[in-house]
>>> print(open('final.tsv').read())   # TSV, C-alpha atoms (C1' of nucleotides)
chain	number	residue	atom	x	y	z
A	1	MET	CA	1.75	25.66	11.95
A	2	LYS	CA	2.34	28.55	14.33
A	3	SER	CA	6.07	28.24	14.72
A	4	THR	CA	9.20	26.92	13.06
A	5	THR	CA	10.01	24.79	16.11
A	6	LEU	CA	8.36	21.42	15.95
A	7	THR	CA	6.18	20.45	18.85
A	8	ARG	CA	6.78	17.01	20.29
A	9	LYS	CA	3.50	15.86	18.81
A	10	GLN	CA	4.52	17.01	15.35
A	11	GLU	CA	7.87	15.29	15.73
A	12	ILE	CA	6.11	12.06	16.67
A	13	CYS	CA	3.75	12.26	13.70
A	14	ILE	CA	6.52	13.01	11.22
A	15	THR	CA	8.61	10.15	12.52
A	16	ALA	CA	5.60	7.87	12.46
A	17	ALA	CA	4.84	8.71	8.85
A	18	ARG	CA	8.36	7.71	7.86
A	19	LEU	CA	8.01	4.37	9.62
A	20	PHE	CA	4.51	3.83	8.20
A	21	LYS	CA	5.94	4.20	4.72
A	22	GLN	CA	8.60	1.58	5.39
A	23	LYS	CA	6.47	-1.13	6.98
A	24	GLY	CA	2.87	-0.04	6.85
A	25	TYR	CA	0.79	1.24	9.76
A	26	SER	CA	-0.07	-2.15	11.24
A	27	ALA	CA	3.51	-3.37	11.36
A	28	VAL	CA	4.85	-0.33	13.17
A	29	THR	CA	4.68	-0.70	16.94
A	30	MET	CA	4.58	2.05	19.49
A	31	ARG	CA	7.93	0.71	20.71
A	32	ASP	CA	9.41	1.11	17.23
A	33	LEU	CA	8.14	4.64	17.07
A	34	ALA	CA	9.30	5.51	20.59
A	35	ALA	CA	12.79	4.17	19.90
A	36	GLU	CA	13.02	6.28	16.76
A	37	VAL	CA	11.86	9.37	18.62
A	38	GLY	CA	14.25	8.60	21.46
A	39	VAL	CA	11.85	7.97	24.32
A	40	LYS	CA	10.03	5.03	25.90
A	41	ALA	CA	6.71	3.90	24.49
A	42	ALA	CA	4.71	5.07	27.47
A	43	SER	CA	6.01	8.62	27.06
A	44	LEU	CA	4.36	8.93	23.67
A	45	TYR	CA	0.98	8.95	25.37
A	46	ASN	CA	1.69	12.30	26.97
A	47	HIS	CA	1.47	13.77	23.48
A	48	ILE	CA	-1.00	11.61	21.61
A	49	ALA	CA	-4.08	9.72	22.69
A	50	SER	CA	-3.58	6.61	20.60
A	51	LYS	CA	-1.77	5.11	17.64
A	52	GLU	CA	-4.86	5.71	15.57
A	53	GLU	CA	-4.79	9.42	16.34
A	54	ILE	CA	-1.32	9.62	14.82
A	55	LEU	CA	-2.59	8.09	11.59
A	56	ASN	CA	-5.41	10.61	11.55
A	57	GLU	CA	-2.98	13.49	11.94
A	58	VAL	CA	-0.81	12.14	9.16
A	59	ILE	CA	-3.54	11.49	6.63
A	60	VAL	CA	-6.39	13.92	7.09
A	61	ASN	CA	-4.33	17.11	6.85
A	62	ILE	CA	-2.91	16.08	3.49
A	63	ALA	CA	-6.27	14.96	2.20
A	64	GLU	CA	-7.71	18.37	3.08
A	65	SER	CA	-4.90	20.14	1.25
A	66	PHE	CA	-5.57	18.13	-1.89
A	67	THR	CA	-9.30	18.68	-1.91
A	68	GLU	CA	-9.12	22.38	-1.09
A	69	GLY	CA	-6.44	22.82	-3.72
A	70	ILE	CA	-8.30	21.13	-6.55
A	71	GLN	CA	-11.48	23.00	-5.68
A	72	ASP	CA	-9.64	26.30	-6.07
A	73	ILE	CA	-8.15	25.11	-9.34
A	74	ARG	CA	-11.49	24.02	-10.72
A	75	LEU	CA	-13.25	27.25	-9.83
A	76	ALA	CA	-10.43	29.47	-11.03
A	77	ASP	CA	-10.95	31.62	-14.09
A	78	THR	CA	-8.31	29.92	-16.22
A	79	LYS	CA	-8.22	27.77	-19.31
A	80	VAL	CA	-8.81	24.04	-18.92
A	81	ALA	CA	-5.29	23.19	-20.04
A	82	GLU	CA	-3.91	25.35	-17.26
A	83	LYS	CA	-6.19	23.69	-14.75
A	84	LEU	CA	-4.88	20.28	-15.70
A	85	GLU	CA	-1.33	21.49	-15.34
A	86	ALA	CA	-2.17	23.02	-11.97
A	87	VAL	CA	-3.52	19.69	-10.74
A	88	ILE	CA	-0.30	17.98	-11.74
A	89	ALA	CA	1.79	20.72	-10.13
A	90	GLN	CA	-0.20	20.47	-6.92
A	91	HIS	CA	0.51	16.74	-6.73
A	92	VAL	CA	4.21	17.33	-7.19
A	93	HIS	CA	4.34	20.05	-4.55
A	94	LEU	CA	2.28	18.30	-1.88
A	95	THR	CA	4.12	15.02	-2.46
A	96	ALA	CA	7.56	16.60	-2.39
A	97	ASP	CA	6.66	18.39	0.82
A	98	ASN	CA	5.47	15.21	2.49
A	99	PRO	CA	6.33	11.97	0.67
A	100	TYR	CA	5.98	9.83	3.78
A	101	GLY	CA	2.52	11.10	4.57
A	102	MET	CA	1.51	10.35	1.00
A	103	ALA	CA	2.43	6.72	1.52
A	104	SER	CA	0.03	6.47	4.45
A	105	LEU	CA	-2.64	8.34	2.54
A	106	ASN	CA	-2.42	5.80	-0.26
A	107	ASN	CA	-1.91	2.60	1.68
A	108	ASP	CA	-3.12	2.93	5.26
A	109	TRP	CA	-6.33	4.93	5.11
A	110	MET	CA	-8.37	1.81	5.81
A	111	HIS	CA	-6.92	1.73	9.32
A	112	LEU	CA	-8.38	5.09	10.19
A	113	GLY	CA	-11.03	4.92	12.89
A	114	GLU	CA	-13.36	7.88	13.28
A	115	GLY	CA	-11.49	9.78	10.59
A	116	LYS	CA	-12.18	7.23	7.87
A	117	GLU	CA	-15.51	8.67	6.79
A	118	LYS	CA	-14.03	12.13	6.58
A	119	TYR	CA	-11.12	10.84	4.53
A	120	LEU	CA	-13.41	8.98	2.14
A	121	ALA	CA	-15.55	12.08	1.72
A	122	LEU	CA	-12.50	14.17	0.93
A	123	ARG	CA	-11.23	11.63	-1.58
A	124	SER	CA	-14.59	11.38	-3.22
A	125	SER	CA	-14.81	15.15	-3.42
A	126	TYR	CA	-11.33	15.36	-4.90
A	127	GLU	CA	-12.18	12.87	-7.62
A	128	GLN	CA	-15.41	14.65	-8.38
A	129	HIS	CA	-13.64	17.98	-8.89
A	130	PHE	CA	-11.16	16.22	-11.14
A	131	ARG	CA	-13.99	14.69	-13.16
A	132	GLU	CA	-15.57	18.10	-13.64
A	133	ILE	CA	-12.33	19.50	-15.00
A	134	ILE	CA	-12.07	16.55	-17.38
A	135	LYS	CA	-15.66	17.08	-18.50
A	136	GLU	CA	-14.93	20.72	-19.16
A	137	GLY	CA	-11.88	19.72	-21.14
A	138	LYS	CA	-13.84	17.30	-23.28
A	139	ALA	CA	-16.65	19.80	-23.80
A	140	GLN	CA	-14.15	22.37	-25.07
A	141	ASN	CA	-12.45	19.78	-27.23
A	142	VAL	CA	-9.20	20.27	-25.34
A	143	LEU	CA	-9.29	16.62	-24.26
A	144	LYS	CA	-9.83	13.66	-26.54
A	145	ASP	CA	-13.05	11.69	-26.43
A	146	ILE	CA	-11.62	9.03	-24.12
A	147	ASP	CA	-13.71	7.54	-21.31
A	148	GLU	CA	-13.68	10.05	-18.46
A	149	GLU	CA	-12.90	7.38	-15.88
A	150	ILE	CA	-9.91	6.17	-17.88
A	151	ILE	CA	-8.46	9.66	-18.02
A	152	LEU	CA	-9.11	10.15	-14.33
A	153	PHE	CA	-7.59	6.94	-13.06
A	154	SER	CA	-4.76	6.83	-15.54
A	155	THR	CA	-3.62	10.29	-14.54
A	156	LEU	CA	-4.26	9.79	-10.85
A	157	GLY	CA	-2.45	6.46	-10.96
A	158	THR	CA	0.76	8.14	-11.96
A	159	LEU	CA	0.33	11.08	-9.61
A	160	ARG	CA	-0.52	8.90	-6.61
A	161	ASN	CA	2.73	6.99	-7.08
A	162	LEU	CA	4.89	10.09	-7.06
A	163	TYR	CA	5.75	9.48	-3.42
A	164	LEU	CA	7.64	6.35	-4.41
A	165	TRP	CA	10.24	7.99	-6.55
A	166	ILE	CA	10.36	11.69	-5.73
A	167	PRO	CA	12.60	10.88	-2.74
A	168	LYS	CA	14.89	8.86	-5.01
A	169	LYS	CA	15.26	11.74	-7.46
A	170	ALA	CA	15.92	14.50	-4.97
A	171	ASP	CA	18.23	16.18	-7.45
A	172	LEU	CA	15.42	16.72	-9.93
A	173	GLN	CA	14.05	20.26	-9.81
A	174	ARG	CA	10.36	20.51	-9.13
A	175	SER	CA	9.73	22.78	-12.09
A	176	LYS	CA	11.48	20.38	-14.46
A	177	LEU	CA	9.55	17.46	-13.00
A	178	ILE	CA	6.25	19.27	-13.38
A	179	ASP	CA	7.03	20.14	-16.99
A	180	SER	CA	8.01	16.57	-17.85
A	181	LEU	CA	4.93	15.14	-16.18
A	182	CYS	CA	2.60	17.56	-17.94
A	183	GLU	CA	4.15	16.66	-21.26
A	184	THR	CA	4.02	12.93	-20.56
A	185	LEU	CA	0.55	12.77	-19.06
A	186	LEU	CA	-1.17	15.29	-21.31
A	187	ASN	CA	0.57	14.94	-24.66
A	188	GLY	CA	1.84	11.38	-24.38
A	189	VAL	CA	5.24	9.82	-24.85
A	190	LYS	CA	5.09	8.94	-28.54
A	191	THR	CA	6.30	11.24	-31.25
A	192	ALA	CA	3.66	12.70	-33.51
B	1	MET	CA	-1.80	-25.51	-12.27
B	2	LYS	CA	-2.34	-29.22	-12.99
B	3	SER	CA	-6.08	-29.38	-12.40
B	4	THR	CA	-9.22	-27.28	-12.41
B	5	THR	CA	-9.98	-28.30	-8.81
B	6	LEU	CA	-8.34	-26.00	-6.32
B	7	THR	CA	-6.16	-27.62	-3.72
B	8	ARG	CA	-6.78	-26.54	-0.15
B	9	LYS	CA	-3.50	-24.65	-0.22
B	10	GLN	CA	-4.52	-22.72	-3.31
B	11	GLU	CA	-7.87	-21.91	-1.76
B	12	ILE	CA	-6.10	-20.57	1.33
B	13	CYS	CA	-3.75	-18.41	-0.72
B	14	ILE	CA	-6.51	-16.99	-2.87
B	15	THR	CA	-8.62	-16.15	0.16
B	16	ALA	CA	-5.59	-14.66	1.88
B	17	ALA	CA	-4.83	-12.42	-1.08
B	18	ARG	CA	-8.35	-11.03	-0.95
B	19	LEU	CA	-8.00	-10.23	2.74
B	20	PHE	CA	-4.52	-8.79	2.24
B	21	LYS	CA	-5.94	-6.35	-0.26
B	22	GLN	CA	-8.61	-5.21	2.18
B	23	LYS	CA	-6.46	-4.70	5.27
B	24	GLY	CA	-2.86	-5.30	4.34
B	25	TYR	CA	-0.80	-8.35	5.23
B	26	SER	CA	0.07	-7.30	8.78
B	27	ALA	CA	-3.50	-6.61	9.80
B	28	VAL	CA	-4.85	-9.98	8.61
B	29	THR	CA	-4.69	-12.62	11.32
B	30	MET	CA	-4.54	-16.36	10.82
B	31	ARG	CA	-7.85	-16.46	12.67
B	32	ASP	CA	-9.39	-14.02	10.16
B	33	LEU	CA	-8.13	-16.15	7.32
B	34	ALA	CA	-9.29	-19.40	8.88
B	35	ALA	CA	-12.78	-18.02	9.47
B	36	GLU	CA	-13.02	-16.95	5.84
B	37	VAL	CA	-11.86	-20.37	4.64
B	38	GLY	CA	-14.27	-22.05	7.04
B	39	VAL	CA	-11.85	-23.88	9.36
B	40	LYS	CA	-10.03	-23.20	12.61
B	41	ALA	CA	-6.71	-21.40	12.57
B	42	ALA	CA	-4.71	-24.45	13.60
B	43	SER	CA	-6.02	-26.37	10.61
B	44	LEU	CA	-4.35	-23.95	8.19
B	45	TYR	CA	-0.98	-25.29	9.28
B	46	ASN	CA	-1.70	-28.66	7.71
B	47	HIS	CA	-1.46	-26.92	4.36
B	48	ILE	CA	1.00	-24.09	4.82
B	49	ALA	CA	4.08	-23.70	6.99
B	50	SER	CA	3.57	-20.10	8.04
B	51	LYS	CA	1.77	-16.88	7.31
B	52	GLU	CA	4.86	-15.67	5.53
B	53	GLU	CA	4.78	-18.62	3.16
B	54	ILE	CA	1.32	-17.57	2.04
B	55	LEU	CA	2.59	-14.11	1.14
B	56	ASN	CA	5.42	-15.70	-0.81
B	57	GLU	CA	3.00	-17.83	-2.78
B	58	VAL	CA	0.81	-14.84	-3.52
B	59	ILE	CA	3.56	-12.48	-4.63
B	60	VAL	CA	6.40	-14.40	-6.21
B	61	ASN	CA	4.35	-16.24	-8.82
B	62	ILE	CA	2.94	-13.00	-10.18
B	63	ALA	CA	6.30	-11.28	-10.13
B	64	GLU	CA	7.73	-14.14	-12.18
B	65	SER	CA	4.93	-13.86	-14.72
B	66	PHE	CA	5.59	-10.16	-15.19
B	67	THR	CA	9.33	-10.49	-15.60
B	68	GLU	CA	9.15	-13.48	-17.94
B	69	GLY	CA	6.49	-11.73	-19.96
B	70	ILE	CA	8.35	-8.49	-20.47
B	71	GLN	CA	11.52	-10.36	-21.35
B	72	ASP	CA	9.68	-12.16	-24.14
B	73	ILE	CA	8.20	-8.87	-25.31
B	74	ARG	CA	11.53	-7.12	-25.33
B	75	LEU	CA	13.30	-9.87	-27.26
B	76	ALA	CA	10.48	-10.36	-29.75
B	77	ASP	CA	11.00	-9.37	-33.35
B	78	THR	CA	8.38	-6.63	-33.40
B	79	LYS	CA	8.28	-2.89	-33.69
B	80	VAL	CA	8.86	-0.82	-30.58
B	81	ALA	CA	5.35	0.59	-30.65
B	82	GLU	CA	3.96	-2.93	-30.54
B	83	LYS	CA	6.24	-3.79	-27.65
B	84	LEU	CA	4.91	-0.89	-25.63
B	85	GLU	CA	1.38	-1.95	-26.36
B	86	ALA	CA	2.22	-5.52	-25.39
B	87	VAL	CA	3.57	-4.35	-22.03
B	88	ILE	CA	0.33	-2.49	-21.35
B	89	ALA	CA	-1.74	-5.47	-22.45
B	90	GLN	CA	0.24	-7.79	-20.18
B	91	HIS	CA	-0.48	-5.56	-17.20
B	92	VAL	CA	-4.18	-5.57	-17.96
B	93	HIS	CA	-4.30	-9.34	-18.37
B	94	LEU	CA	-2.25	-10.27	-15.31
B	95	THR	CA	-4.09	-7.74	-13.17
B	96	ALA	CA	-7.53	-8.80	-14.34
B	97	ASP	CA	-6.63	-12.42	-13.66
B	98	ASN	CA	-5.44	-11.66	-10.15
B	99	PRO	CA	-6.30	-8.22	-8.83
B	100	TYR	CA	-5.98	-9.26	-5.19
B	101	GLY	CA	-2.52	-10.65	-5.67
B	102	MET	CA	-1.50	-7.42	-7.36
B	103	ALA	CA	-2.41	-5.49	-4.23
B	104	SER	CA	-0.01	-7.60	-2.16
B	105	LEU	CA	2.66	-7.32	-4.83
B	106	ASN	CA	2.44	-3.54	-4.66
B	107	ASN	CA	1.92	-2.98	-0.96
B	108	ASP	CA	3.13	-5.95	1.07
B	109	TRP	CA	6.34	-7.13	-0.58
B	110	MET	CA	8.38	-5.67	2.30
B	111	HIS	CA	6.94	-8.32	4.60
B	112	LEU	CA	8.39	-11.14	2.55
B	113	GLY	CA	11.04	-13.11	4.42
B	114	GLU	CA	13.36	-15.31	2.40
B	115	GLY	CA	11.52	-14.45	-0.78
B	116	LYS	CA	12.18	-10.72	-0.56
B	117	GLU	CA	15.52	-10.80	-2.36
B	118	LYS	CA	14.04	-12.85	-5.15
B	119	TYR	CA	11.14	-10.45	-5.47
B	120	LEU	CA	13.43	-7.42	-5.56
B	121	ALA	CA	15.58	-9.08	-8.21
B	122	LEU	CA	12.52	-9.81	-10.32
B	123	ARG	CA	11.25	-6.27	-9.98
B	124	SER	CA	14.62	-4.83	-10.83
B	125	SER	CA	14.84	-7.08	-13.86
B	126	TYR	CA	11.36	-6.07	-14.95
B	127	GLU	CA	12.20	-2.39	-14.77
B	128	GLN	CA	15.44	-2.94	-16.63
B	129	HIS	CA	13.69	-4.68	-19.52
B	130	PHE	CA	11.19	-1.83	-19.62
B	131	ARG	CA	14.03	0.71	-19.72
B	132	GLU	CA	15.62	-1.10	-22.65
B	133	ILE	CA	12.38	-0.94	-24.59
B	134	ILE	CA	12.12	2.77	-23.85
B	135	LYS	CA	15.72	3.31	-24.96
B	136	GLU	CA	14.99	1.47	-28.19
B	137	GLY	CA	11.94	3.66	-28.69
B	138	LYS	CA	13.89	6.83	-28.18
B	139	ALA	CA	16.71	5.65	-30.44
B	140	GLN	CA	14.22	4.98	-33.22
B	141	ASN	CA	12.50	8.30	-32.62
B	142	VAL	CA	9.25	6.53	-31.78
B	143	LEU	CA	9.33	8.03	-28.30
B	144	LYS	CA	9.90	11.66	-27.48
B	145	ASP	CA	13.10	12.84	-25.88
B	146	ILE	CA	11.67	12.77	-22.36
B	147	ASP	CA	13.74	11.55	-19.41
B	148	GLU	CA	13.71	7.75	-19.53
B	149	GLU	CA	12.92	7.47	-15.82
B	150	ILE	CA	9.95	9.78	-16.16
B	151	ILE	CA	8.50	7.67	-18.94
B	152	LEU	CA	9.15	4.50	-16.95
B	153	PHE	CA	7.61	5.59	-13.68
B	154	SER	CA	4.79	7.56	-15.20
B	155	THR	CA	3.66	4.59	-17.22
B	156	LEU	CA	4.29	2.06	-14.47
B	157	GLY	CA	2.49	4.27	-11.99
B	158	THR	CA	-0.73	3.97	-13.91
B	159	LEU	CA	-0.29	0.28	-14.68
B	160	ARG	CA	0.55	-0.64	-11.09
B	161	ASN	CA	-2.69	0.94	-9.93
B	162	LEU	CA	-4.87	-1.04	-12.30
B	163	TYR	CA	-5.71	-3.47	-9.51
B	164	LEU	CA	-7.61	-0.70	-7.74
B	165	TRP	CA	-10.21	-0.10	-10.37
B	166	ILE	CA	-10.31	-3.11	-12.69
B	167	PRO	CA	-12.56	-4.89	-10.15
B	168	LYS	CA	-14.86	-1.84	-10.05
B	169	LYS	CA	-15.23	-1.79	-13.82
B	170	ALA	CA	-15.90	-5.46	-14.35
B	171	ASP	CA	-18.18	-4.66	-17.25
B	172	LEU	CA	-15.38	-3.07	-19.24
B	173	GLN	CA	-14.01	-5.41	-21.89
B	174	ARG	CA	-10.33	-6.11	-21.66
B	175	SER	CA	-9.70	-5.26	-25.28
B	176	LYS	CA	-11.44	-1.90	-24.95
B	177	LEU	CA	-9.51	-1.17	-21.77
B	178	ILE	CA	-6.21	-2.02	-23.41
B	179	ASP	CA	-7.00	0.20	-26.39
B	180	SER	CA	-7.97	3.13	-24.18
B	181	LEU	CA	-4.89	2.76	-22.01
B	182	CYS	CA	-2.57	2.56	-24.99
B	183	GLU	CA	-4.10	5.69	-26.42
B	184	THR	CA	-3.98	7.54	-23.10
B	185	LEU	CA	-0.50	6.48	-22.02
B	186	LEU	CA	1.22	6.61	-25.39
B	187	ASN	CA	-0.51	9.43	-27.26
B	188	GLY	CA	-1.79	11.48	-24.33
B	189	VAL	CA	-5.19	12.83	-23.44
B	190	LYS	CA	-5.04	16.23	-25.13
B	191	THR	CA	-6.25	16.85	-28.62
B	192	ALA	CA	-3.60	17.67	-31.20
C	1	DG	C1'	7.36	15.02	30.69
C	2	DT	C1'	9.72	10.69	31.18
C	3	DC	C1'	10.34	6.73	33.44
C	4	DT	C1'	9.38	1.54	35.38
C	5	DA	C1'	6.09	-1.71	35.96
C	6	DT	C1'	2.22	-3.82	34.53
C	7	DA	C1'	-2.66	-4.76	33.02
C	8	DT	C1'	-5.02	-6.80	29.35
C	9	DG	C1'	-5.64	-8.54	24.95
C	10	DT	C1'	-4.26	-10.87	20.83
C	11	DG	C1'	-0.70	-12.37	17.56
C	12	DG	C1'	1.56	-16.79	15.21
C	13	DA	C1'	2.31	-21.29	15.96
C	14	DT	C1'	2.35	-26.19	18.19
C	15	DA	C1'	0.68	-30.57	20.74
C	16	DG	C1'	-2.03	-34.16	20.73
C	17	DA	C1'	-6.99	-36.18	20.71
C	18	DC	C1'	-10.20	-37.72	17.31
D	1	DG	C1'	-7.28	-33.19	8.08
D	2	DT	C1'	-9.71	-30.79	11.68
D	3	DC	C1'	-10.42	-29.97	16.15
D	4	DT	C1'	-9.57	-28.05	21.34
D	5	DA	C1'	-6.36	-26.36	24.27
D	6	DT	C1'	-2.49	-23.89	25.02
D	7	DC	C1'	2.29	-21.74	24.79
D	8	DC	C1'	4.69	-17.64	24.59
D	9	DA	C1'	5.93	-13.39	22.55
D	10	DC	C1'	4.52	-8.95	21.90
D	11	DA	C1'	0.74	-5.48	21.00
D	12	DT	C1'	-1.63	-1.06	22.92
D	13	DA	C1'	-2.37	1.40	26.70
D	14	DT	C1'	-2.50	2.81	31.81
D	15	DA	C1'	-0.84	3.73	36.78
D	16	DG	C1'	1.88	6.02	39.52
D	17	DA	C1'	6.81	7.28	41.10
D	18	DC	C1'	10.17	10.80	40.09
>>> encode(input="final.tsv", output="structure tokens")
Amino acid sequence: MKSTTLTRKQEICITAARLFKQKGYSAVTMRDLAAEVGVKAASLYNHIASKEEILNEVIVNIAESFTEGIQDIRLADTKVAEKLEAVIAQHVHLTADNPYGMASLNNDWMHLGEGKEKYLALRSSYEQHFREIIKEGKAQNVLKDIDEEIILFSTLGTLRNLYLWIPKKADLQRSKLIDSLCETLLNGVKTA
Amino acid sequence: MKSTTLTRKQEICITAARLFKQKGYSAVTMRDLAAEVGVKAASLYNHIASKEEILNEVIVNIAESFTEGIQDIRLADTKVAEKLEAVIAQHVHLTADNPYGMASLNNDWMHLGEGKEKYLALRSSYEQHFREIIKEGKAQNVLKDIDEEIILFSTLGTLRNLYLWIPKKADLQRSKLIDSLCETLLNGVKTA
DNA sequence: GTCTATATGTGGATAGAC
DNA sequence: GTCTATCCACATATAGAC
């Protein structure tokens, strides 16, 4: 992140993420990737140590962004309702910035090698922060008395799938999308 | 579906679906599958023609159930609110009956061969029926004036992820889960 | 930093004995 | 219907010339 010019390694990882979304990590070969980058497969190894390292680069950075972000949100001195909206907004922003990486994060994390434990810890931490916000919301009577896990996974289910249709709705403004999602997820779709 | 005793082919497909959920279709080898079934890899080919055929068996049957089900719901002579609840209930039932197959349906459909077009047609049809129900809801002022696509993908996002946590919450009764999801998805999580 | 050539392993699938 | 043995294509990754 020190320059606007992409290093070769970054170019490889970004291209890889796009292919991983299309076919999944296991079905993408180093030859596929090399062809897309415009070099021969062997040349990739001057920039990365292994296929697995690419997956690590793609996934772990995003996972860190999510966990750091929700920690800041949780600890912030704001109302619970605003925290919930901030969590939704963060998902929209991080997904719009990197929809391909989000696909790998969701679907290919089990193919991580060394990095798997770190990823699982980050995910676990993320969910725990989210649970604490939900608990706070229920304690303050801002959230209904619905099972905490249902609220967590229902909300996360929608947010985790954002990567599937944000690219298809490129025309939709982020701010409008965030507003609609907050309304839908927090207040529901039925009229009162 | 003509007997309570599983045929060898059914046993293979059920075992395969479980492995596909763990590692994804591409990363599961015929040797992995054979070991899990308790035979040698070559023996599998007395029951199935190819690895791809297994994926077809796993995915297409479920996709058909979903599309047929939502068509019946849409055409039924019931109120829109009940239709929405029926869609949610169908997701819970089909997912609880076959959580492993749902993983393949969500994540491995792109590896279908011949069956891919059929799958895509079924999915498209499913979404179209869902859209029509949403339109009906908005026309009758049962649903808020939120973008139809947002309602569709927000709701589907949560429902498509049910396979990830239904197995972890085996103790949760289906009827309680359906009630909670209807409340959460339709009326929202915030207090009025 | 990219290439050609290749080492080494493993994938899906088949042949034919039992 | 299951086995052993095997074919052949293709996977990741390395060696060494340029």
>>> closest_atom_pairs(input="final.tsv", of="chain C", to="chain A", cutoff="8 Å", atoms="only C-alpha atoms (C1' of nucleotides)", output="CSV")
residue,atom,partner,partner_atom,distance
C:DG1,C1',A:Asn46,CA,7.3
C:DT2,C1',A:Ser43,CA,5.9
C:DC3,C1',A:Lys40,CA,7.7
>>> interface_residues(input="final.tsv", of="chain B", to="chain A", cutoff="6 Å", atoms="all atoms listed in the file", output="list of chain:residue names")
B:Ser26, B:Ala27, B:Val142, B:Leu143, B:Lys144, B:Ser154, B:Gly157, B:Thr158, B:Asn161, B:Leu185, B:Leu186, B:Asn187, B:Gly188, B:Val189, B:Lys190, B:Thr191
>>> interface_residues(input="final.tsv", of="chain D", to="chain B", cutoff="10 Å", atoms="all atoms listed in the file", output="PyMOL selection string")
chain D and resi 1-4
>>> atom_distance(input="final.tsv", atom1="CA of Thr15 in chain B", atom2="C1' of DC10 in chain D")
26.4 Å
>>> residues_around(input="final.tsv", residues="Gly101 in chain B", least_positions_apart="2", cutoff="7 Å", atoms="only C-alpha atoms (C1' of nucleotides)", output="list in words")
Ala17, Val58, Ile59, Asn98, Pro99, Ala103, Ser104 and Leu105 of chain B
>>> residues_around(input="final.tsv", residues="DG9 in chain C", least_positions_apart="6", cutoff="12 Å", atoms="all atoms listed in the file", output="list of chain:residue names")
D:DC10, D:DA11, D:DT12, D:DA13
>>> atom_distance(input="final.tsv", atom1="CA of Lys135 in chain A", atom2="CA of Glu148 in chain A")
7.3 Å
>>> residues_around(input="final.tsv", residues="Val60 in chain A", least_positions_apart="4", cutoff="9 Å", atoms="only C-alpha atoms (C1' of nucleotides)", output="ChimeraX atom specification")
/A:55-56,64-65,105,115-116,118-119,122
>>> write_last_selection(input="final.tsv", atoms="C-alpha atoms", output="short mmCIF file (atom, residue, chain, number, x, y, z; two decimals), in the coordinates of the input")
data_model
loop_
_atom_site.label_atom_id
_atom_site.label_comp_id
_atom_site.auth_asym_id
_atom_site.auth_seq_id
_atom_site.Cartn_x
_atom_site.Cartn_y
_atom_site.Cartn_z
CA LEU A 55 -2.59 8.09 11.59
CA ASN A 56 -5.41 10.61 11.55
CA GLU A 64 -7.71 18.37 3.08
CA SER A 65 -4.90 20.14 1.25
CA LEU A 105 -2.64 8.34 2.54
CA GLY A 115 -11.49 9.78 10.59
CA LYS A 116 -12.18 7.23 7.87
CA LYS A 118 -14.03 12.13 6.58
CA TYR A 119 -11.12 10.84 4.53
CA LEU A 122 -12.50 14.17 0.93
#
>>> atom_distance(input="final.tsv", atom1="CA of Ile12 in chain B", atom2="CA of Thr95 in chain B")
19.5 Å
>>> axis_aligned_box(input="final.tsv", around="range 45-51 of chain B", padding_each_side="4 Å", output="JSON")
{"center_x": 1.2, "center_y": -22.8, "center_z": 6.8, "size_x": 13.8, "size_y": 19.8, "size_z": 12.9}
>>> decode(input="final.tsv", residues="range 11-20 of chain A", atoms="N, CA and C atoms", output="compact mmCIF listing (two decimals), in the first residue's frame")
# COMPACT_ATOMS: atom_id res chain seq x y z
N GLU A 11 -0.55 -7.59 -8.55
CA GLU A 11 -1.29 -7.87 -9.78
C GLU A 11 -1.67 -9.35 -9.84
N ILE A 12 -0.74 -10.20 -9.46
CA ILE A 12 -1.00 -11.64 -9.46
C ILE A 12 -2.13 -11.98 -8.48
N CYS A 13 -2.07 -11.41 -7.30
CA CYS A 13 -3.07 -11.73 -6.28
C CYS A 13 -4.46 -11.24 -6.66
N ILE A 14 -4.51 -10.05 -7.28
CA ILE A 14 -5.81 -9.51 -7.69
C ILE A 14 -6.41 -10.35 -8.81
N THR A 15 -5.56 -10.73 -9.75
CA THR A 15 -6.03 -11.59 -10.83
C THR A 15 -6.48 -12.93 -10.29
N ALA A 16 -5.70 -13.47 -9.38
CA ALA A 16 -6.04 -14.76 -8.78
C ALA A 16 -7.39 -14.71 -8.09
N ALA A 17 -7.64 -13.64 -7.35
CA ALA A 17 -8.90 -13.53 -6.63
C ALA A 17 -10.08 -13.57 -7.59
N ARG A 18 -9.92 -12.92 -8.73
CA ARG A 18 -11.00 -12.92 -9.73
C ARG A 18 -11.25 -14.33 -10.25
N LEU A 19 -10.18 -15.07 -10.50
CA LEU A 19 -10.34 -16.44 -10.98
C LEU A 19 -10.90 -17.34 -9.88
N PHE A 20 -10.44 -17.14 -8.64
CA PHE A 20 -10.94 -17.94 -7.53
C PHE A 20 -12.45 -17.76 -7.38
